[in-house]
Each structure stands twice: as C-alpha cells, then as structure tokens.
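Structure file start28.cif (mmCIF, C-alpha atoms) is printed below.
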data_my_file
loop_
_atom_site.group_PDB
_atom_site.id
_atom_site.type_symbol
_atom_site.label_atom_id
_atom_site.label_comp_id
_atom_site.auth_asym_id
_atom_site.auth_seq_id
_atom_site.Cartn_x
_atom_site.Cartn_y
_atom_site.Cartn_z
ATOM 1 C CA MET S 1212 -38.385 43.335 65.278
ATOM 2 C CA LYS S 1213 -36.070 44.002 62.351
ATOM 3 C CA ARG S 1214 -37.963 43.897 59.102
ATOM 4 C CA THR S 1215 -36.554 42.470 55.902
ATOM 5 C CA PRO S 1216 -35.805 45.289 53.437
ATOM 6 C CA SER S 1217 -38.199 45.454 50.524
ATOM 7 C CA PRO S 1218 -36.929 45.935 46.955
ATOM 8 C CA SER S 1219 -37.778 49.625 47.289
ATOM 9 C CA ASP S 1220 -35.276 49.915 50.157
ATOM 10 C CA LEU S 1221 -32.438 48.989 47.830
ATOM 11 C CA ILE S 1222 -32.093 51.707 45.248
ATOM 12 C CA LEU S 1223 -29.449 52.731 42.769
ATOM 13 C CA GLN S 1224 -28.416 56.360 42.701
ATOM 14 C CA ALA S 1225 -26.080 57.233 39.851
ATOM 15 C CA GLY S 1226 -24.854 53.640 39.849
ATOM 16 C CA ALA S 1227 -24.187 53.627 43.586
ATOM 17 C CA GLU S 1228 -25.844 51.149 45.901
ATOM 18 C CA VAL S 1229 -27.968 52.537 48.727
ATOM 19 C CA ILE S 1230 -29.508 50.316 51.426
ATOM 20 C CA LYS S 1231 -32.066 51.719 53.849
ATOM 21 C CA GLY S 1232 -32.455 50.499 57.420
ATOM 22 C CA GLN S 1233 -34.768 51.705 60.182
ATOM 23 C CA LYS S 1234 -32.399 54.405 61.487
ATOM 24 C CA VAL S 1235 -29.620 54.551 58.900
ATOM 25 C CA VAL S 1236 -28.874 54.497 55.206
ATOM 26 C CA LEU S 1237 -25.841 52.607 53.933
ATOM 27 C CA ARG S 1238 -24.350 53.996 50.747
ATOM 28 C CA GLU S 1239 -21.159 53.538 48.789
ATOM 29 C CA LYS S 1240 -18.221 55.685 49.824
ATOM 30 C CA ARG S 1241 -17.463 58.941 48.000
ATOM 31 C CA LEU S 1242 -14.791 61.617 48.064
ATOM 32 C CA GLU S 1243 -16.871 63.951 50.240
ATOM 33 C CA ASP S 1244 -16.484 61.424 53.082
ATOM 34 C CA ALA S 1245 -12.733 61.958 53.233
ATOM 35 C CA ALA S 1246 -12.749 64.881 55.699
ATOM 36 C CA ASN S 1247 -14.767 62.934 58.281
ATOM 37 C CA ASP S 1248 -12.782 59.749 57.690
ATOM 38 C CA TYR S 1249 -9.493 61.603 58.148
ATOM 39 C CA ALA S 1250 -10.682 63.217 61.402
ATOM 40 C CA TRP S 1251 -11.932 59.877 62.740
ATOM 41 C CA ARG S 1252 -8.724 58.068 61.774
ATOM 42 C CA CYS S 1253 -6.672 60.729 63.606
ATOM 43 C CA ASP S 1254 -8.794 60.496 66.768
ATOM 44 C CA GLU S 1255 -6.932 58.730 69.594
ATOM 45 C CA GLU S 1256 -10.020 57.306 71.324
ATOM 46 C CA LEU S 1257 -11.465 55.930 68.079
ATOM 47 C CA ALA S 1258 -8.079 54.444 67.174
ATOM 48 C CA ARG S 1259 -7.911 52.742 70.581
ATOM 49 C CA LEU S 1260 -11.379 51.234 70.034
ATOM 50 C CA ASP S 1261 -10.169 49.966 66.663
ATOM 51 C CA ALA S 1262 -6.885 48.605 68.100
ATOM 52 C CA SER S 1263 -4.972 50.845 65.724
ATOM 53 C CA ILE S 1264 -2.591 53.799 65.832
ATOM 54 C CA PRO S 1265 -3.984 57.287 65.173
ATOM 55 C CA LEU S 1266 -3.262 58.451 61.647
ATOM 56 C CA ARG S 1267 -0.384 60.909 61.420
ATOM 57 C CA VAL S 1268 0.010 61.426 57.660
ATOM 58 C CA PRO S 1269 -0.805 64.829 56.114
ATOM 59 C CA LEU S 1270 -4.331 65.318 54.808
ATOM 60 C CA SER S 1271 -3.006 65.782 51.268
ATOM 61 C CA LEU S 1272 -1.419 62.321 51.257
ATOM 62 C CA PHE S 1273 -4.517 60.778 52.823
ATOM 63 C CA LEU S 1274 -6.693 62.362 50.112
ATOM 64 C CA ALA S 1275 -4.475 61.049 47.314
ATOM 65 C CA ASP S 1276 -4.702 57.483 48.655
ATOM 66 C CA TYR S 1277 -8.422 57.883 49.325
ATOM 67 C CA GLU S 1278 -9.161 59.011 45.786
ATOM 68 C CA ASP S 1279 -7.073 56.207 44.321
ATOM 69 C CA GLU S 1280 -8.950 53.624 46.393
ATOM 70 C CA LEU S 1281 -12.294 55.004 45.212
ATOM 71 C CA ARG S 1282 -11.136 54.782 41.599
ATOM 72 C CA HIS S 1283 -9.797 51.234 41.973
ATOM 73 C CA PRO S 1284 -11.970 49.414 44.519
ATOM 74 C CA SER S 1285 -10.883 45.996 45.724
ATOM 75 C CA GLN S 1286 -12.969 43.005 44.696
ATOM 76 C CA ARG S 1287 -12.390 41.533 48.155
ATOM 77 C CA ARG S 1288 -13.932 44.425 50.081
ATOM 78 C CA ARG S 1289 -17.225 46.365 50.122
ATOM 79 C CA ARG S 1290 -17.234 49.684 51.974
ATOM 80 C CA PHE S 1291 -20.272 51.740 52.967
ATOM 81 C CA ALA S 1292 -20.816 55.105 54.612
ATOM 82 C CA ILE S 1293 -23.377 55.119 57.420
ATOM 83 C CA GLU S 1294 -25.766 58.056 57.183
ATOM 84 C CA THR S 1295 -28.722 59.093 59.289
ATOM 85 C CA LEU S 1296 -32.075 59.109 57.508
ATOM 86 C CA GLU S 1297 -31.538 62.864 57.205
ATOM 87 C CA GLY S 1298 -28.327 62.313 55.235
ATOM 88 C CA LYS S 1299 -25.619 63.014 57.858
ATOM 89 C CA HIS S 1300 -22.466 60.891 57.541
ATOM 90 C CA ILE S 1301 -21.860 59.411 61.015
ATOM 91 C CA GLY S 1302 -19.672 56.364 60.446
ATOM 92 C CA ASN S 1303 -18.480 53.565 58.218
ATOM 93 C CA LEU S 1304 -19.187 49.878 57.741
ATOM 94 C CA MET S 1305 -17.583 47.263 55.543
ATOM 95 C CA TYR S 1306 -17.125 43.598 54.907
ATOM 96 C CA TYR S 1307 -13.725 42.534 53.684
ATOM 97 C CA ASP S 1308 -11.363 39.619 53.167
ATOM 98 C CA ILE S 1309 -14.238 38.253 51.098
ATOM 99 C CA ASP S 1310 -13.586 34.596 50.325
ATOM 100 C CA GLU S 1311 -16.301 33.380 47.981
ATOM 101 C CA ASP S 1312 -14.819 29.887 47.794
ATOM 102 C CA LYS S 1313 -15.142 29.449 51.555
ATOM 103 C CA GLY S 1314 -18.276 31.611 51.750
ATOM 104 C CA LYS S 1315 -17.022 33.984 54.434
ATOM 105 C CA ALA S 1316 -16.015 37.602 55.083
ATOM 106 C CA GLU S 1317 -15.023 39.801 58.021
ATOM 107 C CA LEU S 1318 -17.125 42.741 59.208
ATOM 108 C CA GLY S 1319 -15.897 46.073 60.521
ATOM 109 C CA VAL S 1320 -17.953 49.001 61.838
ATOM 110 C CA MET S 1321 -17.304 52.425 63.340
ATOM 111 C CA ILE S 1322 -19.656 55.176 64.446
ATOM 112 C CA GLY S 1323 -17.224 58.081 64.298
ATOM 113 C CA ASP S 1324 -19.628 60.825 65.359
ATOM 114 C CA ARG S 1325 -19.958 60.519 69.146
ATOM 115 C CA GLN S 1326 -23.314 62.327 69.076
ATOM 116 C CA TYR S 1327 -24.765 59.079 67.691
ATOM 117 C CA TRP S 1328 -23.249 56.623 70.175
ATOM 118 C CA ASN S 1329 -25.521 54.468 72.354
ATOM 119 C CA GLN S 1330 -28.636 55.193 70.296
ATOM 120 C CA GLY S 1331 -28.883 52.080 68.141
ATOM 121 C CA TYR S 1332 -27.332 53.444 64.954
ATOM 122 C CA GLY S 1333 -24.482 50.936 64.912
ATOM 123 C CA ALA S 1334 -26.756 47.950 65.489
ATOM 124 C CA ASP S 1335 -29.182 49.085 62.806
ATOM 125 C CA ALA S 1336 -26.306 49.517 60.352
ATOM 126 C CA ILE S 1337 -25.035 46.003 61.114
ATOM 127 C CA THR S 1338 -28.401 44.271 60.849
ATOM 128 C CA THR S 1339 -29.191 46.171 57.660
ATOM 129 C CA LEU S 1340 -25.905 45.038 56.131
ATOM 130 C CA LEU S 1341 -26.421 41.437 57.267
ATOM 131 C CA ASP S 1342 -29.832 41.453 55.578
ATOM 132 C CA HIS S 1343 -28.180 42.677 52.405
ATOM 133 C CA ILE S 1344 -25.316 40.173 52.508
ATOM 134 C CA PHE S 1345 -27.441 37.112 53.196
ATOM 135 C CA GLU S 1346 -30.099 38.100 50.667
ATOM 136 C CA THR S 1347 -27.867 39.169 47.771
ATOM 137 C CA THR S 1348 -24.600 37.203 48.056
ATOM 138 C CA SER S 1349 -23.566 33.577 48.428
ATOM 139 C CA LEU S 1350 -21.646 34.230 51.660
ATOM 140 C CA GLU S 1351 -22.560 31.838 54.491
ATOM 141 C CA ARG S 1352 -20.519 33.198 57.404
ATOM 142 C CA ILE S 1353 -19.739 36.724 58.608
ATOM 143 C CA TYR S 1354 -17.249 37.091 61.431
ATOM 144 C CA LEU S 1355 -15.545 39.897 63.334
ATOM 145 C CA ASN S 1356 -12.870 40.556 65.934
ATOM 146 C CA THR S 1357 -13.505 42.887 68.848
ATOM 147 C CA LEU S 1358 -11.199 43.854 71.698
ATOM 148 C CA ASP S 1359 -11.857 41.694 74.751
ATOM 149 C CA TRP S 1360 -12.377 44.731 76.998
ATOM 150 C CA ASN S 1361 -14.892 46.392 74.671
ATOM 151 C CA THR S 1362 -18.014 44.924 76.250
ATOM 152 C CA ARG S 1363 -20.252 47.627 74.777
ATOM 153 C CA ALA S 1364 -19.350 46.501 71.259
ATOM 154 C CA GLN S 1365 -19.720 42.837 72.190
ATOM 155 C CA GLN S 1366 -23.223 43.451 73.555
ATOM 156 C CA CYS S 1367 -24.178 45.218 70.329
ATOM 157 C CA PHE S 1368 -22.876 42.343 68.202
ATOM 158 C CA GLU S 1369 -24.709 39.796 70.354
ATOM 159 C CA LYS S 1370 -27.963 41.700 69.875
ATOM 160 C CA CYS S 1371 -27.336 41.566 66.131
ATOM 161 C CA GLY S 1372 -27.108 37.759 66.326
ATOM 162 C CA PHE S 1373 -23.353 37.184 66.553
ATOM 163 C CA VAL S 1374 -22.021 34.514 68.910
ATOM 164 C CA THR S 1375 -18.574 34.197 70.441
ATOM 165 C CA CYS S 1376 -16.503 31.474 68.807
ATOM 166 C CA GLY S 1377 -12.946 32.051 69.984
ATOM 167 C CA GLN S 1378 -10.150 34.365 71.080
ATOM 168 C CA ALA S 1379 -7.010 35.634 69.396
ATOM 169 C CA MET S 1380 -3.921 37.694 70.196
ATOM 170 C CA ARG S 1381 -2.706 40.220 67.633
ATOM 171 C CA TYR S 1382 -0.074 42.911 68.042
ATOM 172 C CA GLY S 1383 -0.296 42.677 71.814
ATOM 173 C CA ASN S 1384 -4.097 42.946 71.921
ATOM 174 C CA SER S 1385 -6.572 40.270 72.964
ATOM 175 C CA PHE S 1386 -9.612 39.891 70.716
ATOM 176 C CA ILE S 1387 -12.922 38.076 70.959
ATOM 177 C CA LEU S 1388 -13.879 36.341 67.700
ATOM 178 C CA MET S 1389 -17.605 36.422 66.917
ATOM 179 C CA GLU S 1390 -19.591 35.008 63.983
ATOM 180 C CA ILE S 1391 -23.009 34.583 62.447
ATOM 181 C CA TYR S 1392 -24.122 32.108 59.799
ATOM 182 C CA ARG S 1393 -26.756 32.511 57.132
ATOM 183 C CA SER S 1394 -28.602 29.528 58.645
ATOM 184 C CA SER S 1395 -29.001 31.336 61.984
ATOM 185 C CA TRP S 1396 -29.754 34.811 60.600
ATOM 186 C CA GLN S 1397 -33.511 34.335 60.261
ATOM 187 C CA GLN S 1398 -33.678 33.189 63.873
ATOM 188 C CA ALA S 1399 -31.513 36.128 64.968
ATOM 189 C CA LYS S 1400 -33.730 38.623 63.146
ATOM 190 C CA ARG S 1401 -36.752 37.422 65.090
ATOM 191 C CA ARG S 1402 -34.933 38.106 68.383
ATOM 192 C CA ILE S 1403 -33.951 41.694 67.603
ATOM 193 C CA SER S 1404 -36.255 44.501 68.652
ATOM 194 C CA PRO S 1405 -35.637 48.227 68.103
ATOM 195 C CA GLN S 1406 -35.437 48.793 71.881
ATOM 196 C CA GLU S 1407 -32.523 46.343 72.139
ATOM 197 C CA ARG S 1408 -30.284 48.101 69.634
ATOM 198 C CA ASN S 1409 -27.439 49.901 71.372
ATOM 199 C CA PRO S 1410 -24.228 50.220 69.337
#
For the structure just supplied, provide its representation as structure tokens.
Amino acid sequence: MKRTPSPSDLILQAGAEVIKGQKVVLREKRLEDAANDYAWRCDEELARLDASIPLRVPLSLFLADYEDELRHPSQRRRRFAIETLEGKHIGNLMYYDIDEDKGKAELGVMIGDRQYWNQGYGADAITTLLDHIFETTSLERIYLNTLDWNTRAQQCFEKCGFVTCGQAMRYGNSFILMEIYRSSWQQAKRRISPQERNP
C-alpha cells in the first residue's frame, strides 16, 4: 500500500524541491537533464507514445530554449525529473495547464529510459506526485489524455486511481480522457499495492 510521504520525504536542496517515493525521487529540472531530454524527444518510439513528432532541431537550439525555460519557469506548469533512488535520471513528470480558479491541472509522464519500463517506476512517480499535489495545493482534479491504443499506460493510470471519463480526437489521434479527484484519492491510495505498479 502506498504510504503518505512524511515531512522528511519532502526536502529542499539548494532551493529545489525534492519529493521521495518508494522507488523514485522527483526533483526540479536542471540543465544537466537536457542531454537525456533531447535524446528522448528525438526518439521515434517515445514520440509515438506521446502522440508527437520526433524532435529534429539541432541540440544547440534545444539547449538555448531549455536554458531559457529553466530561467523563466511558467506559473502554470510544474516540471520534475524522475530519478531512481540511486540518482539516475530515467524520465520526466509534470502537471500543467494549472487552473487554480477551477482547481484542475493536466498530468504528463514519460519514462524515457527503457531499462526501467514495466517495473513500477512510472506508477510510483505518479502516485508520489498525486500525494504531493493533493497535500500541498488547492487543486481538486488531475486529468490526463492517453492514446486509446496504449493499454499499458491506461492500466498504469487505473492502478494509480484514475478513471476513464471521456474520449477526444486531436490531430488525427484518438485519446482516452482519465481523471482523479482529491475526494477519491484517499480511497485510491488504499487500493494500490507495490506489486500492482507497472508503468
């Protein structure tokens, strides 16, 4: 069963937020992540899973934009690197389109390092972030869109407590809309066991 993080799990390192889960650590993004992020964004299979086009810009241009975004972060988005407990950067997680008036935000996750697929790292990252959001913000609803054919992702989200609430077409792709509310999170946490977590 997923435990609620204690205050000691949420630490500040040089002003940067770090949140510890059972298998992963979520930390704020930094410039050293750029090489992995560039490689993952250029990867055709990862782009297909994200319903996007592989990145084709030069690394130098990507780095310039990356550094600018780190210097001027958006108030409507929170981005985290996913690390193993040993400190290896394996993916990214964020919540964005934050609407505090309506109490909602969208979630996005990617385990870019294939060595860590199907081992529960993605699910632990998601549940750790949900704990953080519902315990430290006023947001009431977190939602996401996943490709309708990506059943592996849908199963992971279901195990994290998300429920299907609709469908949408965007740019020629069919998506499943899933959501979780603060009011149902405590119940969802009681259902999740470590053995069930498969990203």
Distance atom CA of Ser1349 of chain S-atom CA of Tyr1332 of chain S, one decimal place? 26.1 Å
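You can rank S:Met1321, S:Val1235, S:Ile1391, S:Ala1292 by their closest distance to Ile1353 of chain S using only C-alpha atoms, and at the top of that list sits S:Ile1391.
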Suppose a student applies the PyMOL selection byres ((chain S and resi 1273-1287) around 8) to this structure; what residues should they get, written as a ChimeraX atom specification? /S:1240-1242,1245,1249,1268-1272,1288-1289,1307-1310
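For the pair atom CA of Glu1228 of chain S and atom CA of Asp1312 of chain S, the interatomic distance is 24.0 Å.
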Between atom CA of His1343 of chain S and atom CA of Tyr1392 of chain S, what distance in Å does the model show, to one decimal? 13.5 Å
Can you tell me, as a PyMOL selection string, what residues are no more than 12 Å from Asp1359 of chain S when counting all atoms listed in the file, ignoring any on the same chain fewer than 3 positions away? chain S and resi 1260-1262+1356+1362-1366+1375+1377-1381+1383-1389
Residue IDs satisfying the PyMOL selection byres ((chain S and resi 1325) around 12), as a ChimeraX atom specification: /S:1251,1254,1256-1257,1300-1302,1321-1324,1326-1330,1332-1333,1410
Since we have the selection now, will you write its residues out, keeping C-alpha atoms, as a short mmCIF file (atom, residue, chain, number, x, y, z; two decimals), in the coordinates of the input?
data_model
loop_
_atom_site.label_atom_id
_atom_site.label_comp_id
_atom_site.auth_asym_id
_atom_site.auth_seq_id
_atom_site.Cartn_x
_atom_site.Cartn_y
_atom_site.Cartn_z
CA TRP S 1251 -11.93 59.88 62.74
CA ASP S 1254 -8.79 60.50 66.77
CA GLU S 1256 -10.02 57.31 71.32
CA LEU S 1257 -11.46 55.93 68.08
CA HIS S 1300 -22.47 60.89 57.54
CA ILE S 1301 -21.86 59.41 61.02
CA GLY S 1302 -19.67 56.36 60.45
CA MET S 1321 -17.30 52.42 63.34
CA ILE S 1322 -19.66 55.18 64.45
CA GLY S 1323 -17.22 58.08 64.30
CA ASP S 1324 -19.63 60.82 65.36
CA GLN S 1326 -23.31 62.33 69.08
CA TYR S 1327 -24.76 59.08 67.69
CA TRP S 1328 -23.25 56.62 70.18
CA ASN S 1329 -25.52 54.47 72.35
CA GLN S 1330 -28.64 55.19 70.30
CA TYR S 1332 -27.33 53.44 64.95
CA GLY S 1333 -24.48 50.94 64.91
CA PRO S 1410 -24.23 50.22 69.34
#
Leu1237 of chain S surroundings by all atoms listed in the file, 8 Å radius, close-in-sequence under 6 positions cut, as a PyMOL selection string: chain S and resi 1229-1231+1291-1294+1336+1340
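Nearest to Gln1398 of chain S of all the residues S:Arg1252, S:Phe1373, S:Tyr1382, S:Met1305 is S:Phe1373, based on all atoms listed in the file.
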For Arg1259 of chain S, which residue out of S:Ser1395, S:Thr1347, S:Asn1361, S:Gln1233 is the nearest one, using only C-alpha atoms? S:Asn1361
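Among S:Val1236, S:Cys1376, S:Cys1367, S:Leu1358, the residue with the shortest atom-to-atom distance to Gly1298 of chain S, counting only C-alpha atoms, is S:Val1236.
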Run through the PyMOL selection byres ((chain S and resi 1394) around 12) on the given coordinates and return the selected residues as a ChimeraX atom specification. /S:1345-1346,1350-1353,1372,1390-1393,1395-1400
Could you please fill out segment 1241-1277 of chain S with N, CA and C atoms and send it back as a PDB file, in the frame of the given file?
ATOM      1  N   ARG S1241     -17.765  57.926  49.005  1.00  0.00           N
ATOM      2  CA  ARG S1241     -17.463  58.941  48.000  1.00  0.00           C
ATOM      3  C   ARG S1241     -16.437  59.919  48.563  1.00  0.00           C
ATOM      4  N   LEU S1242     -15.898  60.739  47.683  1.00  0.00           N
ATOM      5  CA  LEU S1242     -14.791  61.617  48.064  1.00  0.00           C
ATOM      6  C   LEU S1242     -15.178  62.597  49.168  1.00  0.00           C
ATOM      7  N   GLU S1243     -16.438  63.007  49.208  1.00  0.00           N
ATOM      8  CA  GLU S1243     -16.871  63.951  50.240  1.00  0.00           C
ATOM      9  C   GLU S1243     -16.773  63.378  51.647  1.00  0.00           C
ATOM     10  N   ASP S1244     -16.625  62.055  51.769  1.00  0.00           N
ATOM     11  CA  ASP S1244     -16.484  61.424  53.082  1.00  0.00           C
ATOM     12  C   ASP S1244     -15.082  61.591  53.661  1.00  0.00           C
ATOM     13  N   ALA S1245     -14.140  61.990  52.832  1.00  0.00           N
ATOM     14  CA  ALA S1245     -12.733  61.958  53.233  1.00  0.00           C
ATOM     15  C   ALA S1245     -12.440  62.815  54.460  1.00  0.00           C
ATOM     16  N   ALA S1246     -13.045  63.995  54.565  1.00  0.00           N
ATOM     17  CA  ALA S1246     -12.749  64.881  55.699  1.00  0.00           C
ATOM     18  C   ALA S1246     -13.146  64.221  57.017  1.00  0.00           C
ATOM     19  N   ASN S1247     -14.353  63.641  57.066  1.00  0.00           N
ATOM     20  CA  ASN S1247     -14.767  62.934  58.281  1.00  0.00           C
ATOM     21  C   ASN S1247     -13.867  61.738  58.547  1.00  0.00           C
ATOM     22  N   ASP S1248     -13.594  60.952  57.506  1.00  0.00           N
ATOM     23  CA  ASP S1248     -12.782  59.749  57.690  1.00  0.00           C
ATOM     24  C   ASP S1248     -11.389  60.099  58.202  1.00  0.00           C
ATOM     25  N   TYR S1249     -10.825  61.175  57.687  1.00  0.00           N
ATOM     26  CA  TYR S1249      -9.493  61.603  58.148  1.00  0.00           C
ATOM     27  C   TYR S1249      -9.545  62.000  59.623  1.00  0.00           C
ATOM     28  N   ALA S1250     -10.550  62.791  59.999  1.00  0.00           N
ATOM     29  CA  ALA S1250     -10.682  63.217  61.402  1.00  0.00           C
ATOM     30  C   ALA S1250     -10.864  62.017  62.320  1.00  0.00           C
ATOM     31  N   TRP S1251     -11.687  61.059  61.909  1.00  0.00           N
ATOM     32  CA  TRP S1251     -11.932  59.877  62.740  1.00  0.00           C
ATOM     33  C   TRP S1251     -10.692  59.009  62.845  1.00  0.00           C
ATOM     34  N   ARG S1252      -9.939  58.891  61.747  1.00  0.00           N
ATOM     35  CA  ARG S1252      -8.724  58.068  61.774  1.00  0.00           C
ATOM     36  C   ARG S1252      -7.618  58.718  62.610  1.00  0.00           C
ATOM     37  N   CYS S1253      -7.674  60.028  62.782  1.00  0.00           N
ATOM     38  CA  CYS S1253      -6.672  60.729  63.606  1.00  0.00           C
ATOM     39  C   CYS S1253      -7.050  60.774  65.085  1.00  0.00           C
ATOM     40  N   ASP S1254      -8.264  60.402  65.407  1.00  0.00           N
ATOM     41  CA  ASP S1254      -8.794  60.496  66.768  1.00  0.00           C
ATOM     42  C   ASP S1254      -8.220  59.365  67.632  1.00  0.00           C
ATOM     43  N   GLU S1255      -7.600  59.728  68.749  1.00  0.00           N
ATOM     44  CA  GLU S1255      -6.932  58.730  69.594  1.00  0.00           C
ATOM     45  C   GLU S1255      -7.905  57.736  70.225  1.00  0.00           C
ATOM     46  N   GLU S1256      -9.055  58.216  70.698  1.00  0.00           N
ATOM     47  CA  GLU S1256     -10.020  57.306  71.324  1.00  0.00           C
ATOM     48  C   GLU S1256     -10.592  56.325  70.300  1.00  0.00           C
ATOM     49  N   LEU S1257     -10.931  56.815  69.117  1.00  0.00           N
ATOM     50  CA  LEU S1257     -11.465  55.930  68.079  1.00  0.00           C
ATOM     51  C   LEU S1257     -10.414  54.919  67.636  1.00  0.00           C
ATOM     52  N   ALA S1258      -9.155  55.363  67.543  1.00  0.00           N
ATOM     53  CA  ALA S1258      -8.079  54.444  67.174  1.00  0.00           C
ATOM     54  C   ALA S1258      -7.913  53.355  68.233  1.00  0.00           C
ATOM     55  N   ARG S1259      -8.027  53.734  69.497  1.00  0.00           N
ATOM     56  CA  ARG S1259      -7.911  52.742  70.581  1.00  0.00           C
ATOM     57  C   ARG S1259      -9.034  51.708  70.479  1.00  0.00           C
ATOM     58  N   LEU S1260     -10.254  52.156  70.184  1.00  0.00           N
ATOM     59  CA  LEU S1260     -11.379  51.234  70.034  1.00  0.00           C
ATOM     60  C   LEU S1260     -11.199  50.302  68.840  1.00  0.00           C
ATOM     61  N   ASP S1261     -10.416  50.747  67.874  1.00  0.00           N
ATOM     62  CA  ASP S1261     -10.169  49.966  66.663  1.00  0.00           C
ATOM     63  C   ASP S1261      -8.842  49.202  66.742  1.00  0.00           C
ATOM     64  N   ALA S1262      -8.189  49.261  67.903  1.00  0.00           N
ATOM     65  CA  ALA S1262      -6.885  48.605  68.100  1.00  0.00           C
ATOM     66  C   ALA S1262      -5.886  49.033  67.040  1.00  0.00           C
ATOM     67  N   SER S1263      -5.892  50.326  66.736  1.00  0.00           N
ATOM     68  CA  SER S1263      -4.972  50.845  65.724  1.00  0.00           C
ATOM     69  C   SER S1263      -4.243  52.065  66.268  1.00  0.00           C
ATOM     70  N   ILE S1264      -3.351  52.603  65.467  1.00  0.00           N
ATOM     71  CA  ILE S1264      -2.591  53.799  65.832  1.00  0.00           C
ATOM     72  C   ILE S1264      -3.226  54.991  65.133  1.00  0.00           C
ATOM     73  N   PRO S1265      -3.402  56.117  65.838  1.00  0.00           N
ATOM     74  CA  PRO S1265      -3.984  57.287  65.173  1.00  0.00           C
ATOM     75  C   PRO S1265      -3.188  57.674  63.928  1.00  0.00           C
ATOM     76  N   LEU S1266      -3.886  58.062  62.909  1.00  0.00           N
ATOM     77  CA  LEU S1266      -3.262  58.451  61.647  1.00  0.00           C
ATOM     78  C   LEU S1266      -2.442  59.721  61.853  1.00  0.00           C
ATOM     79  N   ARG S1267      -1.253  59.748  61.275  1.00  0.00           N
ATOM     80  CA  ARG S1267      -0.384  60.909  61.420  1.00  0.00           C
ATOM     81  C   ARG S1267       0.102  61.458  60.076  1.00  0.00           C
ATOM     82  N   VAL S1268      -0.414  60.939  58.975  1.00  0.00           N
ATOM     83  CA  VAL S1268       0.010  61.426  57.660  1.00  0.00           C
ATOM     84  C   VAL S1268      -0.711  62.729  57.350  1.00  0.00           C
ATOM     85  N   PRO S1269      -0.133  63.578  56.493  1.00  0.00           N
ATOM     86  CA  PRO S1269      -0.805  64.829  56.114  1.00  0.00           C
ATOM     87  C   PRO S1269      -2.107  64.546  55.373  1.00  0.00           C
ATOM     88  N   LEU S1270      -3.044  65.469  55.478  1.00  0.00           N
ATOM     89  CA  LEU S1270      -4.331  65.318  54.808  1.00  0.00           C
ATOM     90  C   LEU S1270      -4.152  65.153  53.301  1.00  0.00           C
ATOM     91  N   SER S1271      -3.211  65.858  52.721  1.00  0.00           N
ATOM     92  CA  SER S1271      -3.006  65.782  51.268  1.00  0.00           C
ATOM     93  C   SER S1271      -2.644  64.368  50.831  1.00  0.00           C
ATOM     94  N   LEU S1272      -1.798  63.696  51.586  1.00  0.00           N
ATOM     95  CA  LEU S1272      -1.419  62.321  51.257  1.00  0.00           C
ATOM     96  C   LEU S1272      -2.603  61.378  51.465  1.00  0.00           C
ATOM     97  N   PHE S1273      -3.335  61.588  52.554  1.00  0.00           N
ATOM     98  CA  PHE S1273      -4.517  60.778  52.823  1.00  0.00           C
ATOM     99  C   PHE S1273      -5.521  60.907  51.671  1.00  0.00           C
ATOM    100  N   LEU S1274      -5.743  62.137  51.199  1.00  0.00           N
ATOM    101  CA  LEU S1274      -6.693  62.362  50.112  1.00  0.00           C
ATOM    102  C   LEU S1274      -6.264  61.679  48.822  1.00  0.00           C
ATOM    103  N   ALA S1275      -4.968  61.696  48.536  1.00  0.00           N
ATOM    104  CA  ALA S1275      -4.475  61.049  47.314  1.00  0.00           C
ATOM    105  C   ALA S1275      -4.742  59.549  47.360  1.00  0.00           C
ATOM    106  N   ASP S1276      -4.446  58.923  48.503  1.00  0.00           N
ATOM    107  CA  ASP S1276      -4.702  57.483  48.655  1.00  0.00           C
ATOM    108  C   ASP S1276      -6.199  57.187  48.626  1.00  0.00           C
ATOM    109  N   TYR S1277      -6.974  58.054  49.242  1.00  0.00           N
ATOM    110  CA  TYR S1277      -8.422  57.883  49.325  1.00  0.00           C
ATOM    111  C   TYR S1277      -9.040  57.902  47.929  1.00  0.00           C
TER     112      TYR S1277
END
